[in-house]
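Written below as structure tokens is the structure these notes are about.
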Amino acid sequence: MVDVELRYLRIWRAAVGLLAVLGVVTSLVFVSPATNLAVFMVAAFTAGAICLSVGLGRDLPTSDLHNMVPRGAVLGGLCVLAVCGYAAAIGARTVTLLLLMVCVSPPVIGWLRSGRADRPARRTLPRRPIRLPKASNRQLNAVQADGDPAADWPMPKYLVAVVRSVGELSDEELCLAWRRSFTQLQRAMSPDRRQAMVDVRRAYLDELERRHPDSFAVWLASNPRAAGNPARFFTHRADH
């Protein structure tokens, strides 16, 4: 499931990037250069200020701010230019295009899927509550090594799939899955689903610790937030 979400995220980003490029080209054709420059500067300054505020609120290091703020400013300016280009070319239909992009975005799709999953099933048979056992790092690693969860302790099928699939993710994808699981945990309404997401997040942590024990210790020593981004500790771009 995580692999499908990551693929959909990449496809959505590629489609949005292509539409943005077409919009910028259209803006250069239909809008005067002076107007484009003014719009780009205002939008870039606003987007950069927003990125700086978000970064300071998350207590990001200075190196991350130096990368995030200029990139956010440029992307914000280009996106506004693209919107202006579409507005000059197709008029009010630009609003429809923007709404379509938002409606098919991964956060909205994830929210809709979580809402459907939390609805009670239309069955008359009583549902047995899922009681998930507490697992240690050694137990999860043993499950991933030999593929026999029943040998050590009973584990639900979905958690077996997660433990087996985390090893196939790259470090960046694993960090992204960890961040997205926090949002999924917040949206989970039923106790069973919340406990399931807790165990999934535990599997992510165990995989990070197995791959990079030293970086994992440094990350924990930095007092990280549950929704924080651990990528700077575990990816090749880390500079801690």
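Lettering and numbering for the structure tokens are positional, with chains as A, B, ... in the shown order, residues counted from 1 in each chain, and ligands counted from 1 in the shown order.
Every protein or nucleic acid residue with an atom no more than 12 Å from Gln186 (chain A), counting only C-alpha atoms and leaving out same-chain residues fewer than 2 positions away, appears here: Trp111, Ser114, Gly115, Arg179, Arg180, Ser181, Phe182, Thr183, Gln184, Ala188, Met189, Ser190, Pro191, Arg193, Arg194, Gln195, Met197, Val198, Ala226 and Ala227 of chain A.
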| request: Considering only C-alpha atoms, return as a PyMOL selection string whatever protein or nucleic-acid residues lie within 9 Å of Ala44 (chain A), sequence-local ones (same chain, fewer than 4 positions apart) excluded. | output: chain A and resi 39-40+48-49+70+72-78+80
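Among the candidates A:Ala14, A:Cys79, A:Ala177, A:Met101, the one nearest to Ala203 (chain A) when counting only C-alpha atoms is A:Ala177.
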| query | Which one of A:Ser170, A:Gly57, A:Val16, A:Trp178 sits closest to Val102 (chain A) if you count only C-alpha atoms? | reply | A:Val16
| Atomic separation - CA of Leu9 (chain A) relative to CA of Thr26 (chain A), Å | 25.6 Å
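The shortest atom-to-atom distance to Arg13 (chain A), with only C-alpha atoms taken into account, belongs to A:Val104 out of A:Cys175, A:Val104, A:Leu205, A:Ala43.
Using only C-alpha atoms for every distance, the candidate list A:Thr35, A:Thr96, A:Asn229, A:Ser105 yields A:Asn229 as the residue closest to Asp171 (chain A).
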| field | Spatial neighbours of Thr235 (chain A), 12 Å, only C-alpha atoms, chain gap at least 5 places, as an NGL selection string | value | :A and (170-176 or 208 or 211-212 or 215-216 or 229-230 or 240)
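We find CA of Asp64 (chain A) and CA of Arg232 (chain A) to be spaced 8.6 Å apart.
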